[in-house]
file query04.txt (compact mmCIF, C-alpha atoms)
# COMPACT_ATOMS: atom_id res chain seq x y z
CA MET X 1287 0.00 0.00 0.00
CA THR X 1288 1.48 3.31 -1.07
CA GLN X 1289 1.46 6.34 1.23
CA ASP X 1290 -0.21 9.58 0.28
CA PRO X 1291 2.61 11.85 -0.99
CA GLU X 1292 0.76 14.95 0.28
CA HIS X 1293 0.56 13.36 3.76
CA ASP X 1294 4.31 12.71 3.67
CA VAL X 1295 5.05 16.28 2.58
CA THR X 1296 2.85 17.67 5.36
CA ARG X 1297 4.45 15.43 7.95
CA ASP X 1298 7.94 16.38 6.79
CA HIS X 1299 6.98 20.03 6.81
CA LEU X 1300 5.66 19.76 10.36
CA ARG X 1301 8.87 18.01 11.37
CA LEU X 1302 10.86 20.92 9.91
CA LEU X 1303 8.63 23.42 11.72
CA ALA X 1304 9.19 21.61 15.00
CA ARG X 1305 12.94 21.40 14.49
CA VAL X 1306 13.30 25.10 13.64
CA ALA X 1307 11.05 26.10 16.55
CA ARG X 1308 13.00 24.00 19.06
CA MET X 1309 16.34 25.31 17.83
CA TYR X 1310 15.15 28.89 18.18
CA HIS X 1311 12.98 28.79 21.32
CA GLU X 1312 14.53 25.98 23.37
CA GLN X 1313 18.18 26.02 22.35
CA GLY X 1314 18.49 29.76 21.84
CA ILE X 1315 20.06 29.48 18.38
CA ARG X 1316 19.76 32.62 16.31
CA GLN X 1317 17.98 32.66 12.96
CA PRO X 1318 21.12 33.10 10.78
CA GLU X 1319 22.74 30.10 12.51
CA ILE X 1320 19.60 27.99 12.02
CA ALA X 1321 19.56 28.92 8.34
CA ALA X 1322 23.20 27.87 7.95
CA ALA X 1323 22.75 24.61 9.88
CA LEU X 1324 19.67 23.51 7.90
CA ASN X 1325 20.74 24.99 4.58
CA LEU X 1326 17.75 27.32 4.49
CA SER X 1327 17.46 30.99 3.68
CA GLN X 1328 17.03 33.30 6.66
CA PRO X 1329 13.68 34.67 5.34
CA ARG X 1330 12.37 31.09 5.18
CA VAL X 1331 13.47 30.46 8.76
CA SER X 1332 11.56 33.56 9.80
CA ARG X 1333 8.45 32.37 7.93
CA LEU X 1334 8.72 28.91 9.49
CA LEU X 1335 8.89 30.39 12.99
CA LYS X 1336 5.78 32.47 12.35
CA GLU X 1337 3.99 29.41 10.94
CA ALA X 1338 4.96 27.38 14.02
CA VAL X 1339 3.12 29.95 16.14
CA THR X 1340 0.11 29.97 13.79
CA ARG X 1341 -0.17 26.16 13.85
CA GLY X 1342 0.07 26.05 17.63
CA LEU X 1343 3.48 24.36 17.84
CA VAL X 1344 4.72 27.36 19.82
CA ARG X 1345 2.62 28.92 22.54
CA THR X 1346 3.75 31.97 24.42
CA VAL X 1347 3.14 31.92 28.17
CA VAL X 1348 3.81 35.10 30.13
CA THR X 1349 4.70 34.43 33.76
CA LEU X 1350 4.06 37.50 35.89
CA PRO X 1351 6.68 38.34 38.51
CA ASP X 1352 5.70 38.77 42.14
CA GLY X 1353 3.93 42.04 42.80
CA VAL X 1354 2.75 42.52 39.21
CA HIS X 1355 -0.99 42.08 38.66
CA THR X 1356 -1.54 42.79 34.98
CA GLU X 1357 -4.49 40.39 34.63
CA LEU X 1358 -6.31 42.06 37.53
CA GLU X 1359 -5.58 45.52 36.12
CA GLU X 1360 -6.96 44.49 32.74
CA GLU X 1361 -10.07 43.05 34.42
CA LEU X 1362 -10.64 46.34 36.25
CA GLN X 1363 -10.33 48.21 32.96
CA ARG X 1364 -12.78 45.88 31.23
CA ARG X 1365 -15.33 45.74 34.03
CA TYR X 1366 -15.47 49.46 34.83
CA GLY X 1367 -14.51 50.99 31.50
CA LEU X 1368 -11.29 52.49 32.87
CA ARG X 1369 -8.55 53.99 30.73
CA ASP X 1370 -5.93 52.46 33.00
CA ALA X 1371 -5.53 50.72 36.36
CA VAL X 1372 -2.57 50.16 38.67
CA VAL X 1373 -2.81 47.50 41.38
CA VAL X 1374 -0.32 47.68 44.25
CA ASP X 1375 0.79 44.89 46.55
CA VAL X 1376 0.10 45.61 50.22
CA GLU X 1377 1.10 43.26 53.03
CA ASP X 1378 -1.84 41.60 54.81
CA PHE X 1379 -0.78 43.14 58.10
CA GLN X 1380 -0.28 46.63 56.64
CA GLU X 1381 -2.96 49.05 57.82
CA ASP X 1382 -1.57 52.21 56.25
CA VAL X 1383 -1.84 51.74 52.49
CA ILE X 1384 -0.80 55.31 51.65
CA PRO X 1385 2.98 54.70 51.29
CA PRO X 1386 2.73 51.93 48.64
CA LEU X 1387 -0.11 53.73 46.84
CA ALA X 1388 1.90 56.96 46.76
CA THR X 1389 4.99 55.17 45.43
CA ALA X 1390 2.94 53.57 42.62
CA ALA X 1391 1.19 56.85 41.82
CA ALA X 1392 4.49 58.71 41.63
CA ALA X 1393 5.85 56.06 39.26
CA TYR X 1394 2.71 56.34 37.10
CA LEU X 1395 3.03 60.12 36.89
CA ASP X 1396 6.75 59.95 36.22
CA VAL X 1397 6.05 57.84 33.14
CA THR X 1398 2.88 59.51 31.86
CA LEU X 1399 3.66 63.20 32.42
CA ILE X 1400 5.54 63.84 29.20
CA GLY X 1401 4.73 67.49 28.55
CA GLY X 1402 1.74 69.61 27.64
CA ASP X 1403 -0.63 68.43 30.38
CA VAL X 1404 -2.68 70.86 32.46
CA VAL X 1405 -2.91 69.10 35.82
CA GLY X 1406 -5.62 69.64 38.43
CA LEU X 1407 -4.98 68.65 42.04
CA THR X 1408 -6.98 68.34 45.26
CA PRO X 1409 -4.38 69.52 47.77
CA TRP X 1410 -5.89 68.20 51.01
CA SER X 1411 -5.48 64.47 50.17
CA ARG X 1412 -2.80 62.81 52.31
CA THR X 1413 -2.24 60.27 49.55
CA LEU X 1414 -1.55 63.01 47.01
CA GLN X 1415 0.76 64.76 49.44
CA ALA X 1416 2.73 61.53 49.80
CA THR X 1417 2.68 61.02 46.02
CA VAL X 1418 4.17 64.44 45.29
CA SER X 1419 6.86 63.87 47.92
CA ARG X 1420 7.97 60.76 45.99
CA LEU X 1421 7.88 62.26 42.50
CA PRO X 1422 11.36 62.81 41.03
CA GLN X 1423 12.39 66.18 39.62
CA LYS X 1424 11.77 66.31 35.86
CA ASN X 1425 14.54 67.80 33.76
CA ALA X 1426 12.27 68.91 30.93
CA ARG X 1427 8.89 70.61 31.17
CA ALA X 1428 6.53 67.74 32.06
CA ALA X 1429 3.37 69.84 32.45
CA GLU X 1430 2.13 73.23 31.37
CA ARG X 1431 0.18 74.22 34.49
CA VAL X 1432 -0.72 72.73 37.89
CA ILE X 1433 -4.10 74.07 39.01
CA GLN X 1434 -5.76 73.83 42.41
CA LEU X 1435 -9.22 72.26 42.03
CA ALA X 1436 -10.85 73.73 45.15
CA GLY X 1437 -10.14 76.13 47.95
CA GLY X 1438 -8.29 75.13 51.07
CA LEU X 1439 -9.85 73.10 53.87
CA GLY X 1440 -9.31 73.08 57.60
CA ARG X 1441 -7.12 75.37 59.67
CA PRO X 1442 -5.18 78.25 58.06
CA GLU X 1443 -1.90 76.34 58.37
CA ALA X 1444 -3.47 73.43 56.47
CA GLN X 1445 -4.44 75.80 53.69
CA VAL X 1446 -0.86 77.10 53.56
CA HIS X 1447 0.32 73.49 53.26
CA ALA X 1448 -2.09 72.98 50.35
CA THR X 1449 -0.61 75.98 48.56
CA ARG X 1450 2.87 74.58 49.08
CA LEU X 1451 1.78 71.25 47.61
CA ILE X 1452 0.55 72.88 44.39
CA ALA X 1453 3.77 74.89 44.19
CA ARG X 1454 5.88 71.77 44.81
CA LEU X 1455 4.23 69.73 42.05
CA ALA X 1456 4.58 72.67 39.68
CA ASP X 1457 8.26 72.96 40.54
CA LEU X 1458 8.88 69.23 40.03
CA THR X 1459 7.21 69.29 36.60
CA ASN X 1460 8.54 72.73 35.58
CA ALA X 1461 4.95 73.97 35.28
CA ARG X 1462 3.18 77.17 36.28
CA PRO X 1463 1.16 76.93 39.51
CA VAL X 1464 -2.40 78.28 39.67
CA PHE X 1465 -3.94 78.72 43.12
CA VAL X 1466 -7.45 79.13 44.50
CA PRO X 1467 -6.95 81.95 47.02
CA LEU X 1468 -10.14 81.16 48.96
CA PRO X 1469 -11.49 78.62 51.46
CA GLY X 1470 -12.97 75.44 50.00
CA VAL X 1471 -16.17 75.54 52.06
CA VAL X 1472 -17.89 78.67 53.41
CA ALA X 1473 -20.63 79.15 55.98
CA THR X 1474 -23.53 80.02 53.67
CA SER X 1475 -24.52 79.92 50.03
CA ALA X 1476 -24.76 83.72 50.03
CA ILE X 1477 -21.10 84.03 51.02
CA ARG X 1478 -20.21 81.60 48.26
CA GLU X 1479 -22.13 83.59 45.65
CA ALA X 1480 -20.33 86.76 46.72
CA LEU X 1481 -16.90 85.10 46.58
CA LEU X 1482 -17.60 83.69 43.13
CA GLN X 1483 -17.55 87.27 41.87
CA ASP X 1484 -13.88 87.53 42.83
CA PRO X 1485 -11.91 88.24 39.61
CA ASP X 1486 -8.99 86.06 40.72
CA LEU X 1487 -11.33 83.09 41.15
CA ALA X 1488 -12.98 83.80 37.81
CA GLU X 1489 -9.57 83.48 36.16
CA VAL X 1490 -9.00 80.10 37.82
CA GLN X 1491 -12.49 78.91 36.86
CA ALA X 1492 -11.74 79.68 33.22
CA GLN X 1493 -8.55 77.60 33.41
CA TRP X 1494 -10.39 74.58 34.84
CA HIS X 1495 -11.76 74.08 31.31
CA ASP X 1496 -8.17 73.59 30.07
CA LEU X 1497 -7.48 70.59 32.33
CA THR X 1498 -6.24 67.39 30.68
CA LEU X 1499 -5.48 65.45 33.89
CA THR X 1500 -6.87 65.51 37.43
CA LEU X 1501 -5.30 63.90 40.50
CA THR X 1502 -7.66 63.24 43.39
CA GLY X 1503 -8.17 61.01 46.34
CA ILE X 1504 -11.46 59.18 46.85
CA GLY X 1505 -12.97 60.11 50.19
CA GLY X 1506 -15.65 58.68 52.44
CA LEU X 1507 -17.74 60.60 54.95
CA ASP X 1508 -14.89 60.89 57.43
CA PRO X 1509 -14.48 64.60 58.27
CA ALA X 1510 -10.91 63.98 59.41
CA VAL X 1511 -10.00 63.37 55.75
CA HIS X 1512 -11.12 66.84 54.63
CA GLY X 1513 -10.12 69.05 57.55
CA GLY X 1514 -13.49 68.83 59.31
CA VAL X 1515 -15.64 68.68 56.15
CA PRO X 1516 -18.39 67.52 56.12
CA GLY X 1517 -19.43 68.77 59.55
CA PRO X 1518 -21.93 66.89 61.75
CA ALA X 1519 -25.05 68.44 60.17
CA ASP X 1520 -23.74 67.87 56.63
CA GLN X 1521 -22.76 64.29 57.50
CA GLU X 1522 -26.25 63.57 58.78
CA GLU X 1523 -27.84 64.96 55.63
CA LEU X 1524 -25.42 63.16 53.31
CA ARG X 1525 -25.94 59.81 55.04
CA GLY X 1526 -29.68 60.32 54.81
CA LEU X 1527 -29.32 60.90 51.08
CA GLY X 1528 -27.30 57.68 50.69
CA ALA X 1529 -23.87 59.22 50.10
CA VAL X 1530 -20.93 56.84 50.43
CA GLY X 1531 -18.02 58.96 49.23
CA ASP X 1532 -16.74 61.92 47.27
CA VAL X 1533 -14.25 63.06 44.68
CA CYS X 1534 -13.21 66.70 45.02
CA LEU X 1535 -16.12 67.35 47.43
CA HIS X 1536 -18.68 66.01 44.93
CA PHE X 1537 -20.54 63.39 46.96
CA PHE X 1538 -22.22 60.37 45.38
CA ASP X 1539 -24.27 57.34 46.37
CA ALA X 1540 -23.36 53.65 46.14
CA THR X 1541 -24.07 53.58 42.41
CA GLY X 1542 -21.93 56.65 41.74
CA LYS X 1543 -24.85 59.00 41.14
CA PRO X 1544 -24.37 62.57 42.46
CA VAL X 1545 -26.06 63.41 45.74
CA ALA X 1546 -27.45 66.96 45.90
CA SER X 1547 -27.04 68.45 49.38
CA ALA X 1548 -26.86 71.82 51.10
CA LEU X 1549 -23.07 71.41 51.19
CA ASP X 1550 -22.92 71.77 47.39
CA ARG X 1551 -24.08 75.35 47.67
CA ARG X 1552 -21.21 76.23 50.00
CA VAL X 1553 -18.29 74.62 48.16
CA ILE X 1554 -15.81 76.73 46.20
CA GLY X 1555 -14.23 74.46 43.64
CA ILE X 1556 -14.51 72.92 40.20
CA ASP X 1557 -18.08 72.00 39.26
CA SER X 1558 -18.93 68.37 38.55
CA ALA X 1559 -19.64 68.84 34.81
CA THR X 1560 -16.27 70.50 34.19
CA PHE X 1561 -14.49 67.91 36.33
CA ARG X 1562 -16.09 64.94 34.57
CA ALA X 1563 -15.22 66.42 31.16
CA VAL X 1564 -11.47 66.12 31.88
CA GLU X 1565 -9.91 63.47 29.65
CA ARG X 1566 -7.84 61.66 32.29
CA ARG X 1567 -9.17 61.56 35.86
CA VAL X 1568 -6.81 59.70 38.19
CA GLY X 1569 -8.17 58.46 41.51
CA ILE X 1570 -5.67 57.22 44.11
CA ALA X 1571 -7.23 55.36 47.03
CA GLY X 1572 -7.08 52.06 48.87
CA GLY X 1573 -7.98 50.22 52.03
CA LEU X 1574 -11.11 48.13 52.54
CA ARG X 1575 -12.78 50.86 54.60
CA LYS X 1576 -12.93 52.89 51.37
CA LEU X 1577 -14.17 49.99 49.22
CA ALA X 1578 -17.73 51.32 48.85
CA ALA X 1579 -16.51 54.80 47.93
CA ILE X 1580 -13.94 53.47 45.43
CA LYS X 1581 -16.47 51.16 43.78
CA ALA X 1582 -19.00 53.98 43.48
CA ALA X 1583 -16.35 56.34 42.06
CA VAL X 1584 -15.41 53.97 39.24
CA GLU X 1585 -18.97 52.86 38.55
CA GLY X 1586 -20.10 56.47 38.37
CA GLY X 1587 -17.25 57.52 36.09
CA TRP X 1588 -15.81 60.04 38.54
CA VAL X 1589 -12.35 58.59 37.86
CA ASN X 1590 -11.21 56.68 34.78
CA VAL X 1591 -7.72 55.79 36.00
CA LEU X 1592 -7.61 53.91 39.31
CA ILE X 1593 -4.56 53.32 41.48
CA THR X 1594 -5.50 51.03 44.35
CA ASP X 1595 -4.28 48.10 46.44
CA LEU X 1596 -4.56 44.39 45.75
CA ARG X 1597 -7.24 43.68 48.36
CA VAL X 1598 -9.56 46.37 47.03
CA ALA X 1599 -8.90 45.34 43.40
CA ARG X 1600 -9.85 41.73 44.14
CA ARG X 1601 -13.08 42.84 45.82
CA LEU X 1602 -13.92 45.10 42.88
CA CYS X 1603 -13.49 42.18 40.50
CA ALA X 1604 -15.16 39.57 42.71
call {"tool": "encode", "arguments": {"input": "query04.txt", "output": "structure tokens"}}
result
Amino acid sequence: MTQDPEHDVTRDHLRLLARVARMYHEQGIRQPEIAAALNLSQPRVSRLLKEAVTRGLVRTVVTLPDGVHTELEEELQRRYGLRDAVVVDVEDFQEDVIPPLATAAAAYLDVTLIGGDVVGLTPWSRTLQATVSRLPQKNARAAERVIQLAGGLGRPEAQVHATRLIARLADLTNARPVFVPLPGVVATSAIREALLQDPDLAEVQAQWHDLTLTLTGIGGLDPAVHGGVPGPADQEELRGLGAVGDVCLHFFDATGKPVASALDRRVIGIDSATFRAVERRVGIAGGLRKLAAIKAAVEGGWVNVLITDLRVARRLCA
């Protein structure tokens, strides 16, 4: 019984594919040396290697190193429609997640700030303060402007610290700082309306429309986070309305929908429509106590780049 010549040719061809693939991938022999050893042209060796992949003889397996969670980051992007996600390893016993989050955020900014960005910043976030302290000095101009997103919160010395933070980030990125020379929350809506007529604030408000990147924390209802804001009466109202967290003093419920409260009419800062129109909105937050706020922030589209810790990321993808 004679063998099918086409079957023999196919089998021989597969044998050649396997031999070339093993020489290249297992033995580390370069393509010119394979060509010389098998008396083949180098272009044919290249074609054979590509065909070996196509036919499934070679399968690429990427083994992630410890502390790298690319699959989880991609799942966060897919599930919540994020532009990007960074997941940081935090030890099980580590209560304070700010240091590793800040280190990761500084690394992200160091890579992605390449010039031309107009950066908005909430200066009262401890995580952002730690991030800026870890950011290396850029030699070239990495941003055009660094703009304060809301007035200062808390005691006067805290507001001075906020101004220094804006100035520091501007200095590190060789950008021009733009400050909000007013408190972030005032006593009444009438005071707010009067202050909004300030020409210096009007100039800042106009520049908020130029923002290409915002850097914010994601807060809960803890007044210690925002220098005493929200106060007891505001907290009670916000809880009654179902608020679980905020971004830049814009509070939202568990689904990420904005919560309208009396506090809104006393805040001096970027409005929600202008904020949400910014192309890249980076939220830096972690810790399971903030899980509800973080989930609501990404579901509601308040941030579209999330930097968080491994425990929170796993819960978000559960």
call {"tool": "closest_atom_pairs", "arguments": {"input": "query04.txt", "of": "stretch 1394-1485 of chain X", "to": "stretch 1563-1568 of chain X", "cutoff": "12 Å", "atoms": "only C-alpha atoms", "output": "CSV"}}
result
residue,atom,partner,partner_atom,distance
X:Tyr1394,CA,X:Val1568,CA,10.2
X:Leu1395,CA,X:Val1568,CA,9.9
X:Thr1398,CA,X:Arg1566,CA,10.9
X:Leu1399,CA,X:Arg1566,CA,11.6
X:Asp1403,CA,X:Arg1566,CA,10.1
X:Val1404,CA,X:Val1564,CA,10.0
X:Val1405,CA,X:Arg1566,CA,9.6
X:Gly1406,CA,X:Arg1567,CA,9.2
X:Leu1407,CA,X:Val1568,CA,9.9
X:Thr1408,CA,X:Val1568,CA,11.2
X:Leu1414,CA,X:Val1568,CA,10.8
call {"tool": "closest_residue", "arguments": {"input": "query04.txt", "among": "X:Val1545, X:Val1376, X:Ala1436, X:Leu1507", "to": "X:Gln1491", "atoms": "all atoms listed in the file"}}
result
X:Ala1436
call {"tool": "atom_distance", "arguments": {"input": "query04.txt", "atom1": "atom CA of X:Gln1363", "atom2": "atom CA of X:Thr1594"}}
result
12.7 Å
call {"tool": "atom_distance", "arguments": {"input": "query04.txt", "atom1": "atom CA of X:Pro1409", "atom2": "atom CA of X:Arg1597"}}
result
26.0 Å
call {"tool": "closest_atom_pairs", "arguments": {"input": "query04.txt", "of": "stretch 1485-1541 of chain X", "to": "stretch 1577-1593 of chain X", "cutoff": "9 Å", "atoms": "all atoms listed in the file", "output": "JSON lines"}}
result
{"residue": "X:Thr1500", "atom": "CA", "partner": "X:Val1589", "partner_atom": "CA", "distance": 8.8}
{"residue": "X:Thr1502", "atom": "CA", "partner": "X:Val1589", "partner_atom": "CA", "distance": 8.6}
{"residue": "X:Ile1504", "atom": "CA", "partner": "X:Ile1580", "partner_atom": "CA", "distance": 6.4}
{"residue": "X:Gly1505", "atom": "CA", "partner": "X:Ala1579", "partner_atom": "CA", "distance": 6.8}
{"residue": "X:Gly1506", "atom": "CA", "partner": "X:Ala1579", "partner_atom": "CA", "distance": 6.0}
{"residue": "X:Ala1529", "atom": "CA", "partner": "X:Ala1579", "partner_atom": "CA", "distance": 8.9}
{"residue": "X:Val1530", "atom": "CA", "partner": "X:Ala1579", "partner_atom": "CA", "distance": 5.5}
{"residue": "X:Gly1531", "atom": "CA", "partner": "X:Ala1579", "partner_atom": "CA", "distance": 4.6}
{"residue": "X:Asp1532", "atom": "CA", "partner": "X:Ala1579", "partner_atom": "CA", "distance": 7.2}
{"residue": "X:Val1533", "atom": "CA", "partner": "X:Trp1588", "partner_atom": "CA", "distance": 7.0}
{"residue": "X:Phe1538", "atom": "CA", "partner": "X:Ala1582", "partner_atom": "CA", "distance": 7.4}
{"residue": "X:Asp1539", "atom": "CA", "partner": "X:Ala1582", "partner_atom": "CA", "distance": 6.9}
{"residue": "X:Ala1540", "atom": "CA", "partner": "X:Ala1582", "partner_atom": "CA", "distance": 5.1}
{"residue": "X:Thr1541", "atom": "CA", "partner": "X:Ala1582", "partner_atom": "CA", "distance": 5.2}
call {"tool": "residues_around", "arguments": {"input": "query04.txt", "residues": "X:Gln1317", "least_positions_apart": "4", "cutoff": "9 Å", "atoms": "only C-alpha atoms", "output": "list in words"}}
result
Val1306, Met1309, Tyr1310, Ala1321, Ala1322, Gln1328, Pro1329, Val1331 and Ser1332 of chain X
call {"tool": "atom_distance", "arguments": {"input": "query04.txt", "atom1": "atom CA of X:Leu1527", "atom2": "atom CA of X:Ala1548"}}
result
11.2 Å
call {"tool": "closest_residue", "arguments": {"input": "query04.txt", "among": "X:Val1373, X:Ile1400, X:Leu1455, X:Ser1419", "to": "X:Ile1570", "atoms": "all atoms listed in the file"}}
result
X:Val1373
call {"tool": "residues_around", "arguments": {"input": "query04.txt", "residues": "X:Val1374", "least_positions_apart": "4", "cutoff": "12 Å", "atoms": "all atoms listed in the file", "output": "number ranges by chain"}}
result
X: 1352-1356, 1358-1359, 1383-1391, 1393-1394, 1570-1573, 1592-1600
call {"tool": "closest_residue", "arguments": {"input": "query04.txt", "among": "X:Gly1438, X:Pro1467, X:Pro1518, X:Gly1569", "to": "X:Pro1485", "atoms": "all atoms listed in the file"}}
result
X:Pro1467
call {"tool": "residues_around", "arguments": {"input": "query04.txt", "residues": "X:Gln1493", "least_positions_apart": "5", "cutoff": "10 Å", "atoms": "all atoms listed in the file", "output": "ChimeraX atom specification"}}
result
/X:1404,1406,1431,1433,1464,1487-1488
call {"tool": "closest_residue", "arguments": {"input": "query04.txt", "among": "X:Phe1561, X:Phe1537, X:Phe1465, X:Tyr1366", "to": "X:Gln1434", "atoms": "all atoms listed in the file"}}
result
X:Phe1465
call {"tool": "decode", "arguments": {"input": "query04.txt", "residues": "stretch 1480-1488 of chain X", "atoms": "all heavy atoms", "output": "mmCIF file, in the first residue's frame"}}
result
data_model
loop_
_atom_site.group_PDB
_atom_site.id
_atom_site.type_symbol
_atom_site.label_atom_id
_atom_site.label_comp_id
_atom_site.auth_asym_id
_atom_site.auth_seq_id
_atom_site.Cartn_x
_atom_site.Cartn_y
_atom_site.Cartn_z
ATOM 1 N N ALA X 1480 -21.110 85.514 46.710
ATOM 2 C CA ALA X 1480 -20.334 86.756 46.724
ATOM 3 C C ALA X 1480 -18.886 86.497 46.334
ATOM 4 O O ALA X 1480 -18.290 87.248 45.539
ATOM 5 C CB ALA X 1480 -20.420 87.401 48.098
ATOM 6 N N LEU X 1481 -18.301 85.415 46.875
ATOM 7 C CA LEU X 1481 -16.902 85.101 46.585
ATOM 8 C C LEU X 1481 -16.698 84.694 45.129
ATOM 9 O O LEU X 1481 -15.614 84.894 44.567
ATOM 10 C CB LEU X 1481 -16.405 84.004 47.523
ATOM 11 C CG LEU X 1481 -16.232 84.399 48.995
ATOM 12 C CD1 LEU X 1481 -15.865 83.189 49.843
ATOM 13 C CD2 LEU X 1481 -15.155 85.475 49.142
ATOM 14 N N LEU X 1482 -17.723 84.097 44.524
ATOM 15 C CA LEU X 1482 -17.598 83.688 43.127
ATOM 16 C C LEU X 1482 -17.437 84.874 42.184
ATOM 17 O O LEU X 1482 -17.034 84.707 41.028
ATOM 18 C CB LEU X 1482 -18.815 82.858 42.701
ATOM 19 C CG LEU X 1482 -18.913 81.454 43.301
ATOM 20 C CD1 LEU X 1482 -20.176 80.752 42.825
ATOM 21 C CD2 LEU X 1482 -17.686 80.616 42.958
ATOM 22 N N GLN X 1483 -17.726 86.073 42.681
ATOM 23 C CA GLN X 1483 -17.550 87.274 41.868
ATOM 24 C C GLN X 1483 -16.108 87.765 41.885
ATOM 25 O O GLN X 1483 -15.759 88.702 41.166
ATOM 26 C CB GLN X 1483 -18.474 88.395 42.375
ATOM 27 C CG GLN X 1483 -19.933 88.000 42.504
ATOM 28 C CD GLN X 1483 -20.486 87.368 41.244
ATOM 29 O OE1 GLN X 1483 -20.297 87.901 40.154
ATOM 30 N NE2 GLN X 1483 -21.164 86.233 41.387
ATOM 31 N N ASP X 1484 -15.278 87.126 42.730
ATOM 32 C CA ASP X 1484 -13.877 87.535 42.830
ATOM 33 C C ASP X 1484 -13.185 87.342 41.481
ATOM 34 O O ASP X 1484 -13.209 86.237 40.911
ATOM 35 C CB ASP X 1484 -13.181 86.689 43.910
ATOM 36 C CG ASP X 1484 -11.739 87.108 44.138
ATOM 37 O OD1 ASP X 1484 -10.897 86.803 43.282
ATOM 38 O OD2 ASP X 1484 -11.475 87.743 45.175
ATOM 39 N N PRO X 1485 -12.538 88.370 40.934
ATOM 40 C CA PRO X 1485 -11.906 88.238 39.606
ATOM 41 C C PRO X 1485 -10.777 87.218 39.567
ATOM 42 O O PRO X 1485 -10.567 86.561 38.539
ATOM 43 C CB PRO X 1485 -11.395 89.650 39.315
ATOM 44 C CG PRO X 1485 -11.345 90.349 40.636
ATOM 45 C CD PRO X 1485 -12.430 89.745 41.465
ATOM 46 N N ASP X 1486 -10.059 87.060 40.683
ATOM 47 C CA ASP X 1486 -8.989 86.057 40.715
ATOM 48 C C ASP X 1486 -9.566 84.653 40.584
ATOM 49 O O ASP X 1486 -9.003 83.795 39.890
ATOM 50 C CB ASP X 1486 -8.186 86.176 42.009
ATOM 51 C CG ASP X 1486 -7.347 87.451 42.054
ATOM 52 O OD1 ASP X 1486 -7.033 87.976 40.970
ATOM 53 O OD2 ASP X 1486 -7.018 87.902 43.163
ATOM 54 N N LEU X 1487 -10.691 84.398 41.256
ATOM 55 C CA LEU X 1487 -11.327 83.091 41.151
ATOM 56 C C LEU X 1487 -11.890 82.873 39.754
ATOM 57 O O LEU X 1487 -11.810 81.768 39.206
ATOM 58 C CB LEU X 1487 -12.435 82.954 42.192
ATOM 59 C CG LEU X 1487 -13.180 81.610 42.172
ATOM 60 C CD1 LEU X 1487 -12.224 80.449 42.408
ATOM 61 C CD2 LEU X 1487 -14.304 81.593 43.209
ATOM 62 N N ALA X 1488 -12.444 83.925 39.166
ATOM 63 C CA ALA X 1488 -12.982 83.802 37.813
ATOM 64 C C ALA X 1488 -11.896 83.369 36.831
ATOM 65 O O ALA X 1488 -12.138 82.569 35.913
ATOM 66 C CB ALA X 1488 -13.609 85.127 37.375
#
